[in-house]
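Data block for coords-v6.txt (compact mmCIF, C-alpha atoms):
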```
# COMPACT_ATOMS: atom_id res chain seq x y z
CA MET A 73 -9.63 5.78 -19.34
CA LEU A 74 -7.85 8.25 -17.07
CA SER A 75 -8.42 6.04 -14.03
CA LEU A 76 -6.98 3.07 -15.94
CA LEU A 77 -3.93 5.15 -16.80
CA LYS A 78 -3.58 6.07 -13.12
CA VAL A 79 -3.72 2.40 -12.15
CA PHE A 80 -1.13 1.62 -14.85
CA VAL A 81 1.25 4.30 -13.52
CA ARG A 82 0.61 3.07 -9.99
CA GLY A 83 1.51 -0.44 -11.16
CA ILE A 84 4.84 0.79 -12.55
CA VAL A 85 5.62 2.74 -9.34
CA VAL A 86 4.74 -0.26 -7.16
CA THR A 87 6.92 -2.54 -9.30
CA LEU A 88 9.85 -0.16 -8.94
CA LEU A 89 9.34 0.15 -5.18
CA LEU A 90 8.56 -3.55 -4.68
CA PRO A 91 12.01 -4.51 -3.29
CA ILE A 92 11.79 -1.74 -0.68
CA ILE A 93 8.19 -2.64 0.23
CA LEU A 94 9.09 -6.31 0.57
CA LEU A 95 12.15 -5.46 2.63
CA ILE A 96 10.04 -3.36 5.02
CA LEU A 97 7.44 -6.15 5.27
CA VAL A 98 10.10 -8.78 5.99
CA LEU A 99 11.80 -6.54 8.58
CA TYR A 100 8.44 -5.95 10.24
CA GLY A 101 7.84 -9.71 10.08
CA VAL A 102 11.11 -10.36 11.93
CA TYR A 103 10.26 -7.62 14.45
CA CYS A 104 6.80 -9.18 14.92
CA ILE A 105 8.36 -12.62 15.58
CA GLY A 106 10.47 -11.00 18.31
CA LEU A 107 7.43 -9.15 19.63
CA PHE A 108 5.44 -12.38 19.65
CA ILE A 109 8.12 -14.22 21.65
CA PHE A 110 8.37 -11.29 24.08
CA MET A 111 4.59 -11.21 24.54
CA PHE A 112 4.55 -14.97 25.02
CA PHE A 113 7.05 -14.84 27.89
CA LYS A 114 5.28 -11.80 29.35
CA GLY A 115 2.01 -13.75 29.22
CA VAL A 116 3.62 -16.75 30.96
CA ILE A 117 5.01 -14.52 33.73
CA ASP A 118 1.63 -12.80 34.11
CA TYR A 119 -0.06 -16.19 34.28
CA PHE A 120 2.13 -17.28 37.19
CA ARG A 121 1.45 -13.96 38.89
CA GLY A 122 -2.23 -14.84 38.79
CA LYS A 123 -3.22 -12.41 36.01
CA THR A 124 -5.33 -13.45 33.05
CA PHE A 125 -3.94 -12.63 29.64
CA ASN A 126 -6.42 -10.77 27.45
CA ALA A 127 -6.45 -7.69 25.24
CA ASP A 128 -7.54 -5.39 28.07
CA LEU A 129 -4.97 -3.12 29.72
CA PRO A 130 -5.48 -1.48 33.15
CA GLU A 131 -6.21 1.77 31.30
CA ASP A 132 -9.05 0.07 29.43
CA LEU A 133 -10.68 -1.14 32.61
CA GLU A 134 -10.35 2.30 34.17
CA ALA A 135 -11.75 3.98 31.06
CA ARG A 136 -14.68 1.54 30.97
CA ARG A 137 -15.42 2.24 34.61
CA MET A 138 -15.29 5.98 33.96
CA LEU A 139 -17.59 5.59 30.97
CA LEU A 140 -20.13 3.64 33.03
CA GLU A 141 -19.97 6.24 35.79
CA LYS A 142 -20.51 8.99 33.25
CA GLU A 143 -23.55 7.21 31.82
CA LYS A 144 -24.93 6.67 35.32
CA GLN A 145 -24.44 10.35 36.15
CA GLU A 146 -26.20 11.38 32.96
CA GLU A 147 -29.13 9.09 33.79
CA GLN A 148 -29.30 10.50 37.32
CA ALA A 149 -29.27 14.04 35.97
CA LYS A 150 -32.09 13.16 33.58
CA ASP A 151 -34.15 11.63 36.41
CA MET A 152 -33.52 14.69 38.55
CA LEU A 153 -34.74 17.00 35.78
CA ASN A 154 -37.88 14.92 35.33
CA MET A 155 -38.59 15.02 39.05
CA MET A 156 -38.08 18.78 39.17
CA TYR A 157 -40.44 19.26 36.23
CA GLU A 158 -43.12 17.07 37.82
CA SER A 159 -42.88 18.84 41.19
CA THR A 160 -43.10 22.26 39.51
CA MET A 161 -46.19 21.17 37.63
CA ALA A 162 -47.77 19.79 40.80
CA ARG A 163 -47.03 23.02 42.68
CA SER A 164 -48.55 25.21 39.96
CA GLN A 165 -51.62 22.95 39.94
CA PHE A 166 -51.90 23.32 43.74
CA MET A 167 -51.58 27.13 43.60
CA ASN A 168 -54.11 27.54 40.75
CA PRO A 169 -56.50 24.62 40.89
CA ASN A 170 -58.90 26.17 38.30
CA SER A 171 -56.26 26.78 35.66
CA GLU A 172 -56.02 24.25 32.94
CA THR A 173 -52.81 22.45 32.38
CA PRO A 174 -51.03 23.89 29.38
CA SER A 175 -51.86 21.71 26.46
CA ASN A 176 -49.31 20.89 23.89
CA SER A 177 -50.12 22.99 20.91
CA TYR A 178 -48.45 20.46 18.62
CA ASP A 179 -51.10 17.88 19.49
CA GLU A 180 -53.91 20.05 18.19
CA PRO A 181 -55.01 19.56 14.60
CA PHE A 182 -53.31 21.98 12.33
CA ASP A 183 -55.61 23.88 9.98
CA GLU A 184 -54.03 24.82 6.75
CA PRO A 185 -54.62 28.49 5.82
CA LYS A 186 -57.37 28.73 3.25
CA GLU A 187 -56.36 30.24 -0.01
CA GLU A 188 -58.41 33.11 -1.33
CA PRO A 189 -60.47 32.10 -4.40
CA ASP A 190 -58.97 33.18 -7.66
CA PHE A 191 -60.96 35.69 -9.66
CA MET A 192 -60.74 33.55 -12.81
CA ASP A 193 -62.12 30.51 -10.96
CA SER A 194 -65.28 32.37 -10.02
CA LEU A 195 -66.13 33.09 -13.68
CA GLU A 196 -67.98 30.79 -16.04
CA SER A 197 -66.23 29.69 -19.20
CA ASP A 198 -68.28 32.10 -21.37
CA GLU A 199 -67.44 34.97 -19.11
CA ILE A 200 -63.74 34.15 -19.37
CA ASP A 201 -63.92 34.33 -23.16
CA GLU A 202 -65.65 37.67 -22.91
CA GLU A 203 -63.03 38.98 -20.54
CA ARG A 204 -60.26 37.89 -22.88
CA SER A 205 -61.89 39.45 -25.94
CA GLU A 206 -62.28 42.72 -24.02
CA GLU A 207 -58.61 42.62 -23.06
CA GLU A 208 -57.61 42.05 -26.69
CA GLN A 209 -59.69 45.00 -27.86
CA MET B 154 18.26 6.64 -38.44
CA ILE B 155 18.64 3.26 -36.79
CA PHE B 156 14.85 2.78 -36.61
CA ALA B 157 14.54 3.60 -40.30
CA MET B 158 17.05 0.87 -41.11
CA ILE B 159 15.12 -1.77 -39.12
CA LYS B 160 12.55 -3.48 -41.26
CA LEU B 161 10.04 -5.51 -39.29
CA SER B 162 8.10 -8.38 -40.75
CA GLU B 163 4.36 -8.72 -40.10
CA ASN B 164 4.90 -11.54 -37.63
CA THR B 165 7.42 -9.48 -35.65
CA LYS B 166 5.01 -6.55 -35.56
CA LYS B 167 2.24 -8.81 -34.25
CA ALA B 168 4.58 -10.25 -31.64
CA LEU B 169 5.58 -6.76 -30.55
CA ILE B 170 1.94 -5.68 -30.21
CA VAL B 171 1.18 -8.79 -28.12
CA PHE B 172 4.24 -8.12 -25.97
CA PHE B 173 3.17 -4.51 -25.48
CA LEU B 174 -0.36 -5.54 -24.50
CA ILE B 175 0.93 -8.11 -22.01
CA PHE B 176 3.18 -5.41 -20.56
CA ILE B 177 0.21 -3.03 -20.06
CA ILE B 178 -2.09 -5.71 -18.61
CA LEU B 179 0.61 -6.83 -16.20
CA PHE B 180 1.17 -3.35 -14.78
CA VAL B 181 -2.57 -2.61 -14.58
CA LEU B 182 -2.98 -5.89 -12.69
CA ILE B 183 -0.17 -4.95 -10.29
CA GLY B 184 -1.82 -1.54 -9.82
CA TYR B 185 -5.15 -3.15 -8.95
CA ILE B 186 -3.45 -5.60 -6.55
CA SER B 187 -1.77 -2.68 -4.78
CA LEU B 188 -5.13 -0.90 -4.53
CA ALA B 189 -6.68 -4.05 -3.04
CA ILE B 190 -3.87 -4.31 -0.47
CA GLN B 191 -4.36 -0.63 0.40
CA GLY B 192 -8.09 -1.26 0.91
CA LEU B 193 -7.32 -4.27 3.08
CA MET B 194 -4.92 -2.21 5.19
CA LYS B 195 -7.59 0.47 5.67
CA LYS B 196 -10.05 -2.17 6.81
CA GLN B 197 -7.50 -3.68 9.18
CA GLY B 198 -6.58 -0.23 10.51
CA SER B 199 -10.19 0.64 11.25
CA LYS B 200 -10.13 -2.06 13.94
CA ALA B 201 -7.95 0.31 15.99
CA ASP B 202 -10.92 2.69 16.27
CA GLY B 203 -12.87 0.08 18.20
CA LEU B 204 -9.88 -0.72 20.40
CA LEU B 205 -9.29 2.90 21.41
CA HIS B 206 -12.94 3.96 21.62
CA ASP B 207 -13.40 3.95 25.43
CA VAL B 208 -10.10 5.65 26.19
CA VAL B 209 -10.74 8.40 23.66
CA LYS B 210 -14.34 8.94 24.74
CA VAL B 211 -13.50 9.53 28.40
CA GLU B 212 -10.39 11.54 27.42
CA TYR B 213 -8.23 9.32 29.58
CA PHE B 214 -4.88 10.60 28.31
CA SER B 215 -3.97 14.24 28.31
CA LYS B 216 -0.69 13.83 26.40
CA GLU B 217 -0.14 12.48 22.90
CA LYS B 218 2.96 10.59 24.06
CA ASP B 219 1.02 8.62 26.69
CA PHE B 220 -1.74 7.86 24.25
CA ARG B 221 0.74 6.55 21.69
CA ARG B 222 2.50 4.40 24.27
CA TYR B 223 -0.84 2.92 25.29
CA GLY B 224 -1.70 2.36 21.61
CA ILE B 225 1.58 0.49 20.99
CA LYS B 226 0.99 -1.75 24.04
CA LYS B 227 -2.58 -2.48 23.05
CA ASN B 228 -1.61 -3.15 19.45
CA ALA B 229 1.08 -5.62 20.55
CA LYS B 230 -1.39 -7.51 22.75
CA VAL B 231 -3.96 -7.72 19.98
CA PHE B 232 -1.27 -8.89 17.55
CA PHE B 233 -0.19 -11.62 19.95
CA LEU B 234 -3.74 -12.87 20.38
CA GLU B 235 -4.37 -12.79 16.63
CA ALA B 236 -1.12 -14.36 15.47
CA ARG B 237 -1.14 -17.31 17.87
CA ILE B 238 -2.55 -19.85 15.43
CA PRO B 239 -0.28 -19.06 12.42
CA PHE B 240 2.73 -18.92 14.72
CA LEU B 241 1.84 -22.32 16.18
CA ILE B 242 1.42 -23.75 12.67
CA VAL B 243 4.87 -22.50 11.62
CA LEU B 244 6.45 -23.65 14.87
CA GLY B 245 4.72 -27.04 14.68
CA SER B 246 5.83 -27.63 11.09
CA PHE B 247 9.38 -26.60 12.02
CA PHE B 248 9.45 -29.11 14.88
CA ALA B 249 7.98 -31.77 12.58
CA TYR B 250 10.84 -31.07 10.13
CA LEU B 251 13.40 -31.45 12.93
CA LEU B 252 11.82 -34.75 14.01
CA PHE B 253 11.77 -35.99 10.42
CA CYS B 254 15.46 -35.17 10.03
CA LEU B 255 16.20 -36.88 13.34
CA PHE B 256 14.41 -40.14 12.49
CA SER B 257 15.35 -40.35 8.81
CA GLY B 258 18.92 -39.25 9.44
CA LYS B 259 18.76 -36.94 6.41
CA TRP B 260 20.03 -33.74 7.95
CA GLY B 261 19.80 -30.90 5.47
CA TYR B 262 16.87 -32.44 3.62
CA ASN B 263 15.32 -29.94 1.21
CA PRO B 264 11.51 -30.24 1.40
CA PHE B 265 11.17 -28.14 -1.78
CA SER B 266 13.39 -30.51 -3.81
CA LYS B 267 12.42 -31.65 -7.33
CA VAL B 268 13.58 -35.21 -6.66
CA ASP B 269 12.20 -36.13 -3.24
CA GLY B 270 10.37 -33.00 -2.13
CA PHE B 271 7.35 -30.86 -2.88
CA GLY B 272 8.85 -30.00 -6.28
CA THR B 273 7.76 -33.42 -7.59
CA LEU B 274 4.23 -32.00 -7.89
CA PHE B 275 5.28 -29.47 -10.55
CA PHE B 276 6.46 -29.46 -14.17
CA HIS B 277 10.20 -29.11 -14.69
CA TYR B 278 11.81 -27.94 -17.89
CA SER B 279 15.29 -28.21 -19.30
CA GLU B 280 17.35 -25.11 -20.02
CA TRP B 281 16.55 -23.01 -23.08
CA PRO B 282 18.38 -24.52 -26.08
CA LYS B 283 20.91 -22.08 -27.53
CA GLU B 284 22.81 -21.90 -30.79
CA LYS B 285 25.67 -19.73 -31.94
CA PHE B 286 24.77 -17.18 -34.62
CA PHE B 287 27.59 -14.98 -35.86
CA GLY B 288 29.45 -15.56 -32.58
CA ILE B 289 26.46 -14.71 -30.36
CA LYS B 290 24.60 -17.34 -28.34
CA LEU B 291 20.87 -17.01 -29.01
CA ILE B 292 17.81 -19.00 -27.89
CA SER B 293 16.93 -21.39 -30.69
CA GLY B 294 13.89 -23.28 -29.40
CA TRP B 295 11.54 -24.18 -26.59
CA PRO B 296 12.78 -26.04 -23.47
CA THR B 297 11.71 -29.68 -23.13
CA VAL B 298 9.76 -31.17 -20.21
CA VAL B 299 12.15 -32.96 -17.85
CA SER B 300 9.61 -34.23 -15.32
CA LYS B 301 5.85 -34.16 -15.03
CA PRO B 302 3.94 -33.87 -11.73
CA HIS B 303 3.98 -37.23 -9.98
CA PHE B 304 3.52 -38.74 -6.55
CA GLU B 305 6.68 -39.82 -4.72
CA VAL B 306 6.57 -41.84 -1.49
CA LYS B 307 9.93 -40.43 -0.42
CA ALA B 308 8.44 -36.92 -0.59
CA LEU B 309 5.38 -37.75 1.52
CA PHE B 310 6.53 -35.65 4.48
CA SER B 311 7.07 -32.58 2.30
CA TYR B 312 3.48 -32.82 0.97
CA PHE B 313 2.27 -32.03 4.51
CA PHE B 314 5.13 -29.83 5.63
CA VAL B 315 5.32 -27.35 2.73
CA PRO B 316 1.60 -26.35 2.58
CA ALA B 317 1.44 -25.98 6.37
CA PHE B 318 4.65 -23.93 6.45
CA VAL B 319 3.68 -21.69 3.54
CA VAL B 320 0.12 -21.11 4.85
CA GLY B 321 1.49 -20.36 8.32
CA ILE B 322 4.01 -17.84 6.98
CA ALA B 323 1.43 -16.15 4.73
CA TRP B 324 -1.08 -15.98 7.57
CA PHE B 325 1.55 -14.54 9.91
CA LEU B 326 2.48 -11.93 7.30
CA TYR B 327 -1.22 -11.05 6.98
CA TYR B 328 -1.34 -10.27 10.71
CA THR B 329 1.96 -8.41 10.42
CA LEU B 330 0.27 -6.23 7.81
CA ALA B 331 -2.65 -5.76 10.22
CA TYR B 332 -0.18 -4.73 12.93
CA ILE B 333 1.40 -2.15 10.61
CA SER B 334 -2.03 -0.84 9.57
CA ARG B 335 -3.17 -0.45 13.17
CA SER B 336 0.12 1.29 14.10
CA LEU B 337 -0.41 3.80 11.29
CA ARG B 338 -4.03 4.33 12.30
CA ILE B 339 -3.12 4.88 15.96
CA ARG B 340 -0.55 7.46 14.93
CA LYS B 341 -3.16 9.20 12.79
CA ILE B 342 -5.77 9.18 15.57
CA ALA B 343 -3.24 10.53 18.08
CA ARG B 344 -2.35 13.34 15.72
CA SER B 345 -5.98 14.21 14.97
CA ILE B 346 -6.99 14.30 18.65
CA TYR B 347 -4.08 15.93 20.41
CA ARG B 348 -2.66 18.28 17.82
CA LYS B 349 -6.11 19.66 17.06
CA LYS B 350 -6.69 20.30 20.74
CA LEU B 351 -3.54 22.35 20.96
CA VAL B 352 -4.79 24.65 18.22
CA GLN B 353 -8.27 24.90 19.71
CA GLU B 354 -7.10 25.68 23.23
CA GLU B 355 -4.82 28.59 22.60
CA PRO B 356 -6.14 30.66 19.74
CA THR B 357 -6.59 33.74 21.94
CA SER B 358 -3.04 33.66 23.25
CA LEU B 359 -1.74 33.33 19.72
CA THR B 360 -3.73 36.30 18.54
CA GLU B 361 -2.66 38.29 21.59
CA ASN B 362 0.96 37.64 20.75
CA ASN B 363 0.36 38.72 17.21
CA ASP B 364 -1.30 41.92 18.41
CA SER B 365 1.53 42.74 20.75
CA THR B 366 4.12 42.34 18.03
CA THR B 367 2.26 44.57 15.60
```
Final structure tokens representation of the file:
Amino acid sequence: MLSLLKVFVRGIVVTLLLPIILLILVLYGVYCIGLFIFMFFKGVIDYFRGKTFNADLPEDLEARRMLLEKEKQEEQAKDMLNMMYESTMARSQFMNPNSETPSNSYDEPFDEPKEEPDFMDSLESDEIDEERSEEEQ
Amino acid sequence: MIFAMIKLSENTKKALIVFFLIFIILFVLIGYISLAIQGLMKKQGSKADGLLHDVVKVEYFSKEKDFRRYGIKKNAKVFFLEARIPFLIVLGSFFAYLLFCLFSGKWGYNPFSKVDGFGTLFFHYSEWPKEKFFGIKLISGWPTVVSKPHFEVKALFSYFFVPAFVVGIAWFLYYTLAYISRSLRIRKIARSIYRKKLVQEEPTSLTENNDSTT
């Protein structure tokens, strides 16, 4: 109900501001027509200069190149780390040929800790009754 | 005092209730339409995120001003590419109108006219009949139908021109709205990136200044 009231109030506010909103939209529309004509002539000039007209700016191309370079550097760094790890492992194997390679403890089966048996579980049903009667006395 | 003197009949009360309900429904409807337009603008504005993604990710611009300038340029290019078709429709229909005027010799032809324009496809009513009651002119009945929708050969051109023109204008305004939405979004992104950085970079210097003053 409250949300409906909010929408109702919003409706009244929008109706009151409608002339201003429409005026702004129309002014922007006129500005956009001018912008469109300007972009059209700019595109024509660029075309005769041998440039293709698309949404990409020189900054976009530069940023894309930088992004690709960054990704390549990250990949190279990852490869380098892998190589270093492998060479270290090989060296340690060479120095201590009898030592086993460290196994990953996460691969081993995980034994859940056994719970200690409850005292009440070890008793027979008759014995439980006896225990209870003793406690009551 | 005045309200106590007014005695309303049952029919008038019912009419008032209906009028009141229509009033509420109308404003609720306008409210929902405005919410829908706001949602549409948000959706249109989110396109700016994709446009600016690469530049933001590599931190290409160090100043907010440069980033905004780039955003305005990019937005204008995208707008031009988007609004080509509606603009061509409007321009084409305008040239068609000029050619029609040239060949028919009817300069100043109104394509929305009720007689030989698009208006022939709609109902037209006479003025509200009025009578004088105690010196005041009041509405005394319903208006009569003057013309019903009908096909007119003379208006054939307007049947093609008006829909094309109206669709073109509406479509162009839709992209204008998208342009406004993206502009607002770019401004918001610029603010969130660069103004935040300013605060993050110099907290120590600010605290140092505070310490020195105290």
message: Please list, as a ChimeraX atom specification, the residues that have an atom at most 6 Å away from (-5.4, -4.3, 23.9) in the coordinates of this file, counting all atoms listed in the file.
response: /A:127-129 /B:227-228,230-231
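Taking atom CA of Phe304 of chain B as the reference point, atom CA of Lys267 of chain B is found at 11.4 Å.
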- request: For chain B, list the residues within 7 Å of chain A, counting all atoms listed in the file, and write the list as a PyMOL selection string.
  value: chain B and resi 180-181+183-185+207-208+211+213+227+230-231+233+326+329
Atoms to include: C-alpha atoms. Write the selected residues as a tab-separated table (two decimals), in the frame of the given file.
```tsv
chain	number	residue	atom	x	y	z
B	180	PHE	CA	1.17	-3.35	-14.78
B	181	VAL	CA	-2.57	-2.61	-14.58
B	183	ILE	CA	-0.17	-4.95	-10.29
B	184	GLY	CA	-1.82	-1.54	-9.82
B	185	TYR	CA	-5.15	-3.15	-8.95
B	207	ASP	CA	-13.40	3.95	25.43
B	208	VAL	CA	-10.10	5.65	26.19
B	211	VAL	CA	-13.50	9.53	28.40
B	213	TYR	CA	-8.23	9.32	29.58
B	227	LYS	CA	-2.58	-2.48	23.05
B	230	LYS	CA	-1.39	-7.51	22.75
B	231	VAL	CA	-3.96	-7.72	19.98
B	233	PHE	CA	-0.19	-11.62	19.95
B	326	LEU	CA	2.48	-11.93	7.30
B	329	THR	CA	1.96	-8.41	10.42
```
- prompt: Expressed in Å to a single decimal, how great is the separation between atom CA of Leu205 of chain B and atom CA of Arg221 of chain B?
  reply: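 Interatomic distance here is 10.7 Å.
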message: For Met194 of chain B, find every residue with an atom within 9 Å (counting all atoms listed in the file), except residues of its own chain fewer than 3 positions away, and show them as a VMD selection string.
response: chain B and resid 189 to 191 197 to 199 330 to 331 333 to 335
Extending 8 Å beyond the listed atoms of segment 205-218 of chain B on each side, what axis-aligned box results? I want centre and edge lengths in Å to one decimal, as lines of an AutoDock Vina configuration file.
```
center_x = -5.7
center_y = 8.6
center_z = 25.5
size_x = 33.3
size_y = 27.3
size_z = 24.2
```
task: For atom CA of Leu174 of chain B and atom CA of Leu74 of chain A, quote the distance in Å rounded to one decimal.
output: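 Atom CA of Leu174 of chain B sits 17.4 Å away from atom CA of Leu74 of chain A.
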task: Find the residue from B:Arg237, B:Lys218, B:Lys283, B:Lys307 that sits nearest to Ile339 of chain B; use all atoms listed in the file when measuring.
output: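 Among B:Arg237, B:Lys218, B:Lys283, B:Lys307, it is B:Lys218 that comes nearest to Ile339 of chain B.
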